[in-house]
$ cat structure15.cif   # mmCIF, C-alpha atoms
data_entry
loop_
_atom_site.label_atom_id
_atom_site.label_comp_id
_atom_site.auth_asym_id
_atom_site.auth_seq_id
_atom_site.Cartn_x
_atom_site.Cartn_y
_atom_site.Cartn_z
CA MET B 203 56.92 116.98 100.67
CA ALA B 204 54.35 119.60 99.64
CA SER B 205 56.52 120.70 96.72
CA ARG B 206 56.38 117.38 94.89
CA PRO B 207 52.89 117.85 93.33
CA VAL B 208 54.01 121.28 92.10
CA LEU B 209 57.10 119.75 90.52
CA GLN B 210 55.01 117.10 88.82
CA SER B 211 52.49 119.62 87.49
CA VAL B 212 55.20 121.89 86.07
CA ARG B 213 57.00 119.06 84.37
CA ALA B 214 53.76 117.72 82.99
CA LEU B 215 53.58 120.83 80.80
CA HIS B 216 56.52 119.45 78.84
CA ALA B 217 55.36 115.84 78.71
CA THR B 218 54.31 114.28 75.42
CA GLN B 219 52.64 111.29 77.07
CA PRO B 220 51.57 110.05 80.52
CA ARG B 221 54.37 110.52 83.04
CA ARG B 222 56.98 107.79 83.37
CA TYR B 223 59.96 108.19 85.61
CA THR B 224 62.93 107.57 83.34
CA ASP B 225 65.63 109.11 85.54
CA GLY B 226 66.59 112.10 83.49
CA VAL B 227 65.56 111.72 79.84
CA PHE B 228 63.77 114.87 78.70
CA ARG B 229 60.05 114.18 78.33
CA GLY B 230 60.12 115.49 74.75
CA LEU B 231 62.44 112.59 73.90
CA THR B 232 60.86 109.73 75.82
CA ASP B 233 59.61 106.93 73.65
CA THR B 234 55.88 107.09 72.95
CA ARG B 235 56.05 103.47 71.75
CA LEU B 236 57.03 101.96 75.13
CA PRO B 237 54.14 99.49 75.20
CA MET B 238 53.69 98.46 78.81
CA PRO B 239 54.71 99.06 82.42
CA TRP B 240 57.43 96.84 83.83
CA ILE B 241 55.12 94.62 85.88
CA GLU B 242 53.32 93.54 82.71
CA ALA B 243 56.59 92.92 80.86
CA TRP B 244 57.82 90.88 83.83
CA ARG B 245 54.66 88.77 83.85
CA ARG B 246 55.03 88.08 80.15
CA GLN B 247 58.61 86.97 80.78
CA GLN B 248 57.47 84.59 83.50
CA GLU B 249 54.91 83.13 81.08
CA GLY B 250 57.59 82.61 78.43
CA LYS B 251 56.20 85.33 76.16
CA SER B 252 58.17 88.07 74.47
CA PRO B 253 57.48 91.57 75.85
CA ILE B 254 58.43 93.04 72.48
CA PRO B 255 55.60 93.42 69.95
CA THR B 256 56.38 91.73 66.63
CA GLU B 257 53.47 92.96 64.53
CA GLY B 258 54.45 94.02 61.05
CA ALA B 259 57.73 92.17 60.95
CA LYS B 260 56.81 90.52 57.62
CA GLU B 261 55.41 93.62 55.97
CA ARG B 262 58.24 96.10 56.22
CA ASP B 263 58.69 98.88 53.72
CA LEU B 264 62.34 98.87 52.60
CA SER B 265 62.03 101.52 49.92
CA PRO B 266 64.86 104.10 50.00
CA LYS B 267 64.41 107.13 52.25
CA LYS B 268 65.72 110.67 52.34
CA MET B 269 67.69 112.21 55.19
CA SER B 270 64.82 114.62 55.79
CA ASP B 271 62.47 111.69 56.44
CA SER B 272 64.23 110.90 59.71
CA TYR B 273 64.96 114.45 60.87
CA HIS B 274 63.84 115.17 64.41
CA ARG B 275 64.14 118.29 66.53
CA ALA B 276 63.31 118.95 70.16
CA VAL B 277 63.94 122.01 72.30
CA LEU B 278 65.01 121.55 75.91
CA PRO B 279 63.61 124.68 77.61
CA LEU B 280 66.42 124.84 80.12
CA GLY B 281 66.47 128.62 80.16
CA ARG B 282 62.69 128.96 80.54
CA ASP B 283 61.78 126.12 82.87
CA PRO B 284 63.68 126.29 86.19
CA TRP B 285 62.33 122.87 87.22
CA LEU B 286 64.53 121.24 84.59
CA SER B 287 67.54 122.33 86.62
CA ASP B 288 66.80 119.44 88.99
CA THR B 289 67.96 117.08 86.27
CA TYR B 290 70.34 119.14 84.14
CA ILE B 291 72.21 121.46 86.53
CA ASN B 292 74.56 120.23 89.24
CA SER B 293 75.30 121.69 92.66
CA SER B 294 77.95 124.04 91.26
CA GLY B 295 75.67 125.47 88.58
CA HIS B 296 77.19 123.54 85.68
CA ILE B 297 75.25 121.59 83.07
CA ARG B 298 75.45 117.82 83.54
CA LEU B 299 76.88 116.54 80.30
CA GLY B 300 76.12 112.95 81.25
CA THR B 301 72.40 113.76 81.20
CA VAL B 302 72.79 115.47 77.81
CA PHE B 303 74.50 112.34 76.47
CA MET B 304 71.59 110.26 77.75
CA ASP B 305 69.16 112.54 75.91
CA LEU B 306 71.16 112.18 72.69
CA ASP B 307 70.89 108.40 72.80
CA ALA B 308 67.13 108.78 73.30
CA LEU B 309 67.04 111.17 70.32
CA SER B 310 68.87 108.66 68.15
CA GLY B 311 66.30 106.03 69.12
CA ILE B 312 63.47 108.24 67.83
CA ILE B 313 65.35 109.00 64.61
CA VAL B 314 66.29 105.42 63.78
CA TYR B 315 62.66 104.24 63.89
CA LYS B 316 61.65 107.03 61.56
CA HIS B 317 64.07 105.46 59.08
CA THR B 318 63.56 101.73 59.71
CA GLY B 319 59.83 101.78 60.36
CA PRO B 320 58.16 99.12 62.55
CA GLY B 321 58.99 95.43 62.62
CA VAL B 322 62.58 95.60 63.89
CA THR B 323 64.39 95.94 67.16
CA THR B 324 67.18 98.52 67.13
CA VAL B 325 70.09 98.73 69.56
CA THR B 326 72.89 101.24 70.07
CA ALA B 327 76.05 99.61 68.75
CA ALA B 328 78.63 102.41 68.87
CA LEU B 329 79.23 106.09 69.53
CA ASP B 330 81.72 108.18 67.58
CA ARG B 331 84.04 110.83 69.01
CA ILE B 332 82.39 113.69 70.92
CA ILE B 333 84.18 117.05 71.06
CA ILE B 334 82.93 120.30 72.56
CA ALA B 335 82.77 122.77 69.67
CA HIS B 336 81.65 125.96 71.42
CA PRO B 337 81.28 125.94 75.21
CA LEU B 338 78.21 127.32 76.91
CA THR B 339 78.81 130.31 79.14
CA GLU B 340 75.19 130.72 80.24
CA ILE B 341 72.18 128.54 80.94
CA CYS B 342 69.87 128.73 77.92
CA ASP B 343 67.37 126.67 75.93
CA LEU B 344 69.06 123.87 73.98
CA GLU B 345 68.04 122.45 70.62
CA TYR B 346 68.52 118.73 70.08
CA SER B 347 68.40 117.71 66.42
CA GLY B 348 69.53 114.83 64.27
CA ARG B 349 68.92 112.62 61.24
CA VAL B 350 70.16 109.47 59.57
CA THR B 351 73.28 110.37 57.58
CA TYR B 352 74.54 106.95 56.46
CA ALA B 353 72.69 103.72 55.61
CA THR B 354 73.53 101.32 52.80
CA GLY B 355 70.59 98.97 53.18
CA ARG B 356 72.32 96.51 55.46
CA SER B 357 71.56 96.34 59.18
CA SER B 358 73.46 99.38 60.50
CA VAL B 359 72.40 103.03 60.48
CA GLU B 360 74.53 106.06 61.31
CA ILE B 361 72.76 108.95 63.03
CA THR B 362 74.32 112.39 63.43
CA CYS B 363 73.03 114.43 66.37
CA GLN B 364 73.68 118.01 67.36
CA VAL B 365 73.21 120.11 70.48
CA ALA B 366 73.02 123.86 69.94
CA ARG B 367 71.73 127.01 71.55
CA ALA B 368 68.06 127.13 70.60
CA ARG B 369 66.88 129.86 68.26
CA ALA B 370 63.35 130.76 67.26
CA GLU B 371 61.27 128.18 65.35
CA GLY B 372 62.34 128.14 61.70
CA GLU B 373 65.54 130.10 62.32
CA PRO B 374 68.58 127.90 61.56
CA SER B 375 71.34 127.54 64.11
CA GLN B 376 74.61 129.34 63.43
CA PRO B 377 78.03 127.64 63.66
CA GLU B 378 78.82 129.46 66.89
CA ASP B 379 75.59 128.12 68.42
CA VAL B 380 76.69 124.49 68.18
CA LEU B 381 77.78 123.02 71.49
CA LEU B 382 78.62 119.53 70.21
CA THR B 383 77.92 116.98 67.52
CA CYS B 384 78.12 113.21 67.77
CA THR B 385 77.34 110.15 65.72
CA PHE B 386 75.56 107.01 66.92
CA THR B 387 75.61 103.70 65.09
CA MET B 388 72.39 101.74 65.52
CA VAL B 389 71.84 98.16 64.38
CA ALA B 390 68.47 96.70 63.36
CA LEU B 391 67.64 93.18 64.54
CA ASP B 392 64.81 90.81 63.79
CA PRO B 393 62.68 90.92 66.98
CA VAL B 394 62.20 87.14 66.94
CA THR B 395 65.50 85.68 65.74
CA ARG B 396 67.67 88.58 67.02
CA LYS B 397 69.66 88.39 63.77
CA PRO B 398 70.63 91.51 61.76
CA ALA B 399 67.76 92.84 59.66
CA PRO B 400 68.00 95.03 56.53
CA VAL B 401 67.06 98.71 56.65
CA PRO B 402 66.04 101.13 53.88
CA LYS B 403 68.87 102.60 51.85
CA LEU B 404 69.54 106.29 52.18
CA ILE B 405 69.26 108.54 49.15
CA CYS B 406 70.93 111.95 48.98
CA SER B 407 69.13 114.96 47.52
CA THR B 408 71.69 117.75 47.91
CA PRO B 409 75.48 118.18 47.78
CA GLU B 410 75.44 118.70 51.55
CA GLU B 411 73.72 115.35 52.06
CA GLU B 412 76.18 113.65 49.71
CA ALA B 413 79.05 115.06 51.77
CA LEU B 414 77.48 113.75 54.97
CA PHE B 415 76.97 110.33 53.39
CA LYS B 416 80.60 110.18 52.21
CA ALA B 417 81.75 111.22 55.68
CA GLY B 418 79.76 108.33 57.13
CA GLU B 419 81.35 105.96 54.63
CA ALA B 420 84.80 107.24 55.60
CA LYS B 421 84.04 106.73 59.31
CA SER B 422 82.99 103.16 58.60
CA LEU B 423 86.34 102.45 56.94
CA ALA B 424 88.24 104.31 59.68
CA LYS B 425 86.73 102.05 62.34
CA LYS B 426 88.33 99.07 60.64
CA ASP B 427 91.69 100.85 60.60
CA GLU B 428 91.34 101.66 64.31
CA LEU B 429 90.82 97.98 65.06
CA ARG B 430 94.08 97.23 63.27
CA MET B 431 95.79 99.88 65.44
CA SER B 432 94.73 98.12 68.63
CA LEU B 433 97.42 96.68 70.86
CA LEU B 434 95.66 93.36 70.46
CA GLU B 435 96.62 93.53 66.79
CA ARG B 436 99.83 95.58 66.80
CA GLU B 437 102.54 95.58 69.43
CA PRO B 438 104.22 98.82 70.58
CA ASP B 439 106.48 100.24 67.89
CA ASP B 440 110.16 101.10 68.45
CA LEU B 441 109.50 104.61 69.74
CA GLU B 442 106.77 103.42 72.08
CA ALA B 443 108.93 100.56 73.36
CA ALA B 444 111.81 102.96 73.99
CA MET B 445 109.50 105.34 75.87
CA ILE B 446 108.18 102.48 78.02
CA HIS B 447 111.75 101.51 78.90
CA LYS B 448 112.67 105.10 79.84
CA ILE B 449 109.63 105.42 82.09
CA TRP B 450 110.52 102.12 83.75
CA LEU B 451 114.09 103.35 84.34
CA LYS B 452 112.71 106.53 85.90
CA GLN B 453 110.49 104.41 88.15
CA VAL B 454 113.53 102.36 89.24
CA GLU B 455 115.47 105.54 89.95
CA TYR B 456 112.70 106.84 92.20
CA HIS B 457 113.18 103.81 94.47
CA ASP B 458 116.96 103.47 94.34
CA PRO B 459 118.33 104.32 97.81
CA ASN B 460 121.71 105.17 96.29
CA ARG B 461 120.24 107.96 94.14
CA PRO B 462 118.85 111.26 95.36
CA LEU B 463 115.83 111.45 93.02
CA ARG B 464 112.50 110.61 94.62
CA GLN B 465 109.04 110.35 93.09
CA PRO B 466 107.57 113.88 92.96
CA HIS B 467 104.29 114.51 94.75
CA ASN B 468 102.56 115.28 91.42
CA VAL B 469 103.51 111.90 89.91
CA ILE B 470 100.86 109.36 90.86
CA ALA B 471 100.88 105.60 90.34
CA MET B 472 98.23 104.46 87.87
CA SER B 473 96.97 101.80 90.28
CA LYS B 474 96.14 104.52 92.82
CA THR B 475 93.90 106.39 90.40
CA GLN B 476 91.24 103.70 90.11
CA LEU B 477 87.64 104.21 91.13
CA SER B 478 85.06 101.42 90.92
CA THR B 479 81.31 101.09 91.27
CA ALA B 480 78.82 98.24 91.31
CA SER B 481 75.10 98.82 90.85
CA ILE B 482 72.09 96.64 90.19
CA MET B 483 70.19 97.53 87.02
CA GLN B 484 66.62 98.37 87.94
CA PRO B 485 63.62 98.30 85.55
CA GLN B 486 63.27 102.10 85.57
CA TYR B 487 66.45 102.26 83.46
CA ARG B 488 65.17 99.85 80.80
CA ASN B 489 64.95 100.64 77.09
CA ARG B 490 61.97 100.31 74.76
CA HIS B 491 62.60 96.56 74.47
CA GLN B 492 61.71 96.06 78.14
CA THR B 493 64.40 93.60 79.25
CA MET B 494 67.61 95.53 78.58
CA ILE B 495 69.08 98.72 80.05
CA PHE B 496 68.93 101.94 78.07
CA GLY B 497 72.31 102.60 76.43
CA GLY B 498 72.16 106.30 77.29
CA TYR B 499 71.95 105.49 81.00
CA HIS B 500 74.97 103.21 80.65
CA LEU B 501 76.89 106.01 78.90
CA LYS B 502 75.93 108.53 81.59
CA GLN B 503 77.18 106.24 84.36
CA THR B 504 80.57 105.78 82.69
CA PHE B 505 80.96 109.51 82.04
CA GLU B 506 80.17 110.58 85.60
CA LEU B 507 82.54 107.97 87.04
CA ALA B 508 85.27 109.18 84.67
CA PHE B 509 84.66 112.75 85.87
CA CYS B 510 85.00 111.64 89.49
CA CYS B 511 88.16 109.70 88.68
CA ALA B 512 89.80 112.73 87.03
CA ALA B 513 88.77 114.97 89.96
CA SER B 514 90.12 112.48 92.52
CA PHE B 515 93.39 112.20 90.60
CA ALA B 516 94.02 115.93 90.19
CA HIS B 517 92.26 117.28 93.30
CA ALA B 518 90.73 119.85 90.95
CA ARG B 519 87.52 120.29 88.96
CA PRO B 520 87.91 118.70 85.51
CA THR B 521 86.60 120.25 82.30
CA PHE B 522 85.35 117.82 79.66
CA LEU B 523 87.23 117.95 76.35
CA SER B 524 86.27 114.86 74.36
CA ALA B 525 84.96 111.31 74.37
CA ASP B 526 86.60 108.70 72.17
CA PRO B 527 84.67 106.35 69.91
CA CYS B 528 83.25 103.44 71.87
CA THR B 529 81.42 100.20 71.14
CA PHE B 530 78.63 98.67 73.20
CA ARG B 531 79.82 95.06 73.08
CA ASN B 532 77.05 93.34 75.01
CA PRO B 533 73.63 94.43 76.30
CA VAL B 534 73.06 95.02 80.00
CA PRO B 535 70.00 93.03 81.20
CA VAL B 536 67.51 94.35 83.72
CA GLY B 537 68.36 92.81 87.09
CA SER B 538 72.05 92.35 86.35
CA VAL B 539 74.93 93.97 88.24
CA LEU B 540 76.97 96.53 86.33
CA TYR B 541 80.60 96.90 87.35
CA LEU B 542 82.53 99.99 86.24
CA THR B 543 86.21 100.67 86.83
CA ALA B 544 87.74 104.04 85.90
CA THR B 545 91.51 104.53 85.63
CA VAL B 546 93.66 107.50 84.65
CA THR B 547 95.68 105.92 81.84
CA TYR B 548 97.48 108.91 80.31
CA THR B 549 98.31 112.54 81.01
CA ASP B 550 99.48 115.24 78.63
CA PRO B 551 102.13 116.43 79.28
CA PRO B 552 103.24 112.88 80.14
CA LEU B 553 105.86 111.92 82.67
CA LEU B 554 108.43 111.45 79.89
CA ASP B 555 108.35 111.95 76.14
CA GLU B 556 109.84 109.64 73.51
CA ALA B 557 113.28 111.22 73.98
CA GLY B 558 113.21 110.53 77.71
CA ASN B 559 112.76 114.16 78.68
CA GLN B 560 110.12 115.46 81.06
CA PRO B 561 107.93 117.89 79.08
CA ALA B 562 107.36 121.23 80.76
CA GLN B 563 104.06 123.03 81.06
CA LYS B 564 103.57 125.74 78.42
CA ASP B 565 102.69 128.20 81.16
CA PRO B 566 104.15 127.02 84.49
CA ALA B 567 102.32 129.82 86.34
CA ASN B 568 98.99 128.53 85.01
CA PRO B 569 99.47 124.80 84.45
CA MET B 570 96.96 122.77 82.45
CA THR B 571 97.02 118.99 82.05
CA ARG B 572 94.91 116.77 79.87
CA VAL B 573 93.77 113.70 81.78
CA HIS B 574 92.65 110.63 79.84
CA VAL B 575 90.37 108.27 81.78
CA THR B 576 89.49 104.74 80.67
CA VAL B 577 86.32 103.15 82.05
CA ASP B 578 86.03 99.39 81.76
CA SER B 579 82.49 98.05 81.97
CA LYS B 580 81.30 94.52 82.62
CA VAL B 581 78.05 92.94 83.66
CA ARG B 582 77.24 89.90 85.81
CA ASP B 583 73.99 88.21 86.67
CA VAL B 584 72.91 88.52 90.30
CA GLU B 585 74.13 84.98 91.02
CA HIS B 586 77.53 86.12 89.67
CA GLY B 587 77.92 83.03 87.55
CA ASN B 588 78.86 84.79 84.32
CA ALA B 589 80.68 88.00 83.49
CA ARG B 590 80.67 89.78 80.13
CA SER B 591 82.41 92.90 78.95
CA THR B 592 79.93 95.55 77.88
CA GLY B 593 82.48 97.97 76.49
CA GLN B 594 85.34 100.32 77.19
CA PHE B 595 84.76 104.08 77.38
CA ASN B 596 87.48 106.72 77.11
CA TYR B 597 87.14 110.36 78.14
CA THR B 598 89.59 113.27 78.14
CA PHE B 599 89.38 116.16 80.59
CA SER B 600 91.57 119.15 81.37
CA VAL B 601 92.57 120.11 84.91
CA PRO B 602 94.33 123.26 86.14
CA LYS B 603 97.17 121.29 87.74
CA ASP B 604 100.52 119.81 86.76
CA VAL B 605 99.93 116.11 87.44
CA ARG B 606 101.42 113.02 85.78
CA VAL B 607 100.41 109.36 85.88
CA LEU B 608 103.02 106.62 86.29
CA PRO B 609 102.39 103.03 85.08
CA HIS B 610 104.13 100.15 86.87
CA THR B 611 102.98 96.78 85.50
CA TYR B 612 103.07 95.56 81.90
CA GLN B 613 99.26 95.78 81.78
CA GLU B 614 99.43 99.41 82.89
CA TYR B 615 102.09 100.22 80.31
CA MET B 616 99.85 98.81 77.58
CA MET B 617 96.94 100.90 78.87
CA PHE B 618 99.25 103.93 78.82
CA VAL B 619 100.32 103.31 75.22
CA ASN B 620 96.75 102.67 74.09
CA ALA B 621 95.51 105.89 75.71
CA ARG B 622 98.43 107.82 74.19
CA ARG B 623 97.47 106.54 70.74
CA ARG B 624 93.88 107.61 71.32
CA VAL B 625 94.88 111.12 72.36
CA GLN B 626 97.18 111.47 69.36
CA THR B 627 94.44 110.22 67.02
CA GLY B 628 92.01 112.75 68.46
CA ASP B 629 94.53 115.58 68.04
CA LEU B 630 95.14 114.56 64.42
CA GLN B 631 91.43 114.48 63.65
CA ARG B 632 90.93 117.94 65.14
CA LYS B 633 93.74 119.33 62.98
CA GLN B 634 92.30 117.69 59.87
CA GLN B 635 88.92 119.22 60.64
CA GLY B 636 90.47 122.67 60.93
CA GLY B 637 90.47 122.83 64.74
CA GLY B 638 93.47 123.09 66.98
CA GLN B 639 94.49 122.39 70.54
CA THR B 640 95.42 126.03 71.05
CA GLU B 641 93.36 129.12 71.81
CA ALA B 642 89.98 127.41 71.36
CA GLN B 643 90.82 124.78 73.97
CA ARG B 644 92.34 127.36 76.31
CA LYS B 645 89.16 129.41 76.02
CA LEU B 646 87.15 126.27 76.78
CA ASP B 647 89.19 125.65 79.92
CA ALA B 648 88.69 129.23 81.10
CA GLU B 649 85.06 129.89 80.17
CA ALA B 650 83.18 126.62 79.64
CA ASN B 651 80.07 126.07 81.68
CA LEU B 652 79.89 122.36 80.89
CA THR B 653 81.78 119.93 83.08
CA GLU B 654 79.61 117.25 84.66
#
$ encode --input "structure15.cif" --output "structure tokens"
Amino acid sequence: MASRPVLQSVRALHATQPRRYTDGVFRGLTDTRLPMPWIEAWRRQQEGKSPIPTEGAKERDLSPKKMSDSYHRAVLPLGRDPWLSDTYINSSGHIRLGTVFMDLDALSGIIVYKHTGPGVTTVTAALDRIIIAHPLTEICDLEYSGRVTYATGRSSVEITCQVARARAEGEPSQPEDVLLTCTFTMVALDPVTRKPAPVPKLICSTPEEEALFKAGEAKSLAKKDELRMSLLEREPDDLEAAMIHKIWLKQVEYHDPNRPLRQPHNVIAMSKTQLSTASIMQPQYRNRHQTMIFGGYHLKQTFELAFCCAASFAHARPTFLSADPCTFRNPVPVGSVLYLTATVTYTDPPLLDEAGNQPAQKDPANPMTRVHVTVDSKVRDVEHGNARSTGQFNYTFSVPKDVRVLPHTYQEYMMFVNARRRVQTGDLQRKQQGGGQTEAQRKLDAEANLTE
């Protein structure tokens, strides 16, 4: 117990405000505007008062802003401060990506208020695809940076964040320094009515900024197309239906006593891949608005469960490849119970392809399988009277094994088809962006120091 004061004093060197235990968010990114401790917010709730300050709501400045106005940079001294390893390094010496994701959501919260100014409540609405660009092979200082890259003056704001190897102050990062980039969509709400509130328009000053703005516009349109691609909107096409039928026939053959073929040991029923958790949401995980859980914490929980699910499925250590776009459908209140269920919904190579053949590994001596994990999230009040979906989160990992997932029920087949579409969409986007699922990904599998 004697080491705890030392730990606190070392970490205090990196604090930008009085210490608050926020379970992992880097002190350089914690919100200096968090107005009160939980006990005071709770008392205000009991008295029927809002714990969220509403000053300035009628005097907002909505004049257009530049991208540079919202730019924010923070350096995580991971290579210089060994005490940070308590939060950012796991027992195997790998960086915990879930904690990095939590930091990025905190970073986006700082950036969005630089753009919107006071008088609004902002919430994380969505997260775009995350792909590892250049894996880390050593523990070093990391630079978090980001800015608003798309805002039309309505209620939503797109924020692009980047994690890179940190260079000296004033020295720009190089392309090979970039670990990952991601885009958060934040929505501004009136703090009293909780209705969408307008935000300042974004003006572009350089060709680079115009390109970023157009990319944000394209992403906004693409989200609408993705909704139309959902199985809730579009049934399986002919090729998908034929593939489902062939997999079902293979499943029947496995259990036919008059046929010699039996289910291989590396083919695992989808229902047996599930992992579930239930946890009560404590005040220490709350966001700046006092009564709701921080979206970054929610994201971290889903990611780490997905990692465990992939590891349990493959009996091997997974390597993170990508996270699909996700939407935070409903907030998670303090005091509620969060239920998460992770399922392996697709593997590449799959059990069978569209032609009904079983795809072989490219290198049978060194097999590598992509494992797609879907995490369904819902929240209930403690009395368990109501349940609401809070979102679905999809992650793809690679494992050094030849393993295949086998759906059985109609629901599982639909999950399989949906995950397959997601993987194919991700592959297409990587090709369009000039990346490939070839040597770069193989190098990532062999050398990456980022898994959990």
$ closest_residue --input "structure15.cif" --among "B:Ser375, B:Ser432, B:Gln563, B:Gln453" --to "Ser347 in chain B" --atoms "all atoms listed in the file"
B:Ser375
$ resolve_selection --input "structure15.cif" --expression "the PyMOL selection byres ((chain B and resi 334-345) around 6)" --output "PyMOL selection string"
chain B and resi 276-281+333+346+365-368+381-382+650-651
$ residues_around --input "structure15.cif" --residues "range 550-559 of chain B" --least-positions-apart "3" --cutoff "8 Å" --atoms "all atoms listed in the file" --output "list of chain:residue names"
B:Leu441, B:Glu442, B:Ala444, B:Met445, B:Lys448, B:Ile449, B:Val469, B:Ala562, B:Gln563, B:Thr571, B:Arg572, B:Val573, B:Arg606, B:Val607, B:Leu608
$ closest_residue --input "structure15.cif" --among "B:Ala390, B:Val322, B:Cys406, B:Cys363" --to "Asp271 in chain B" --atoms "only C-alpha atoms"
B:Cys406
$ resolve_selection --input "structure15.cif" --expression "the PyMOL selection byres ((chain B and resi 413-420) around 10)" --output "list of chain:residue names"
B:Met269, B:Val350, B:Thr351, B:Tyr352, B:Ala353, B:Thr354, B:Val359, B:Glu360, B:Ile361, B:Thr362, B:Thr385, B:Leu404, B:Ile405, B:Cys406, B:Thr408, B:Pro409, B:Glu410, B:Glu411, B:Glu412, B:Lys421, B:Ser422, B:Leu423, B:Ala424, B:Lys425
$ atom_distance --input "structure15.cif" --atom1 "CA of Val601 in chain B" --atom2 "CA of Phe515 in chain B"
9.8 Å
$ closest_atom_pairs --input "structure15.cif" --of "range 547-566 of chain B" --to "range 489-513 of chain B" --cutoff "12 Å" --atoms "only C-alpha atoms" --output "tab-separated table"
residue	atom	partner	partner_atom	distance
B:Thr547	CA	B:Ala512	CA	10.4
B:Tyr548	CA	B:Ala512	CA	10.9
B:Thr549	CA	B:Ala512	CA	10.4
$ write_last_selection --input "structure15.cif" --atoms "C-alpha atoms" --output "PDB file, keeping the file's coordinate frame"
ATOM      1  CA  THR B 547      95.680 105.920  81.840  1.00  0.00           C
ATOM      2  CA  TYR B 548      97.480 108.910  80.310  1.00  0.00           C
ATOM      3  CA  THR B 549      98.310 112.540  81.010  1.00  0.00           C
TER       4      THR B 549
END
$ closest_residue --input "structure15.cif" --among "B:Phe522, B:Trp244, B:Tyr273, B:Phe303" --to "Phe599 in chain B" --atoms "all atoms listed in the file"
B:Phe522
$ residues_around --input "structure15.cif" --residues "Ser358 in chain B" --least-positions-apart "6" --cutoff "9 Å" --atoms "only C-alpha atoms" --output "ChimeraX atom specification"
/B:327,352,387-390,398-401
$ atom_distance --input "structure15.cif" --atom1 "CA of Thr324 in chain B" --atom2 "CA of Ala243 in chain B"
18.2 Å
$ atom_distance --input "structure15.cif" --atom1 "CA of Ile297 in chain B" --atom2 "CA of Lys316 in chain B"
29.3 Å
$ residues_around --input "structure15.cif" --residues "Val454 in chain B" --least-positions-apart "3" --cutoff "12 Å" --atoms "all atoms listed in the file" --output "PyMOL selection string"
chain B and resi 447-451+457-461+463-465+608-610
$ closest_residue --input "structure15.cif" --among "B:Asp583, B:Glu614, B:Asp526, B:Asp283" --to "Thr598 in chain B" --atoms "only C-alpha atoms"
B:Asp526
$ closest_residue --input "structure15.cif" --among "B:Leu429, B:Ala621, B:Met483, B:Met616" --to "Val546 in chain B" --atoms "all atoms listed in the file"
B:Ala621
$ resolve_selection --input "structure15.cif" --expression "the PyMOL selection byres ((chain B and resi 624) around 10)" --output "number ranges by chain"
B: 428, 431-432, 526-527, 548, 574, 596-598, 618-623, 625-630
$ closest_residue --input "structure15.cif" --among "B:Lys268, B:Pro438, B:Thr326, B:Val227" --to "Thr301 in chain B" --atoms "all atoms listed in the file"
B:Val227
$ residues_around --input "structure15.cif" --residues "Gln476 in chain B" --least-positions-apart "6" --cutoff "7 Å" --atoms "only C-alpha atoms" --output "count of residues only"
4
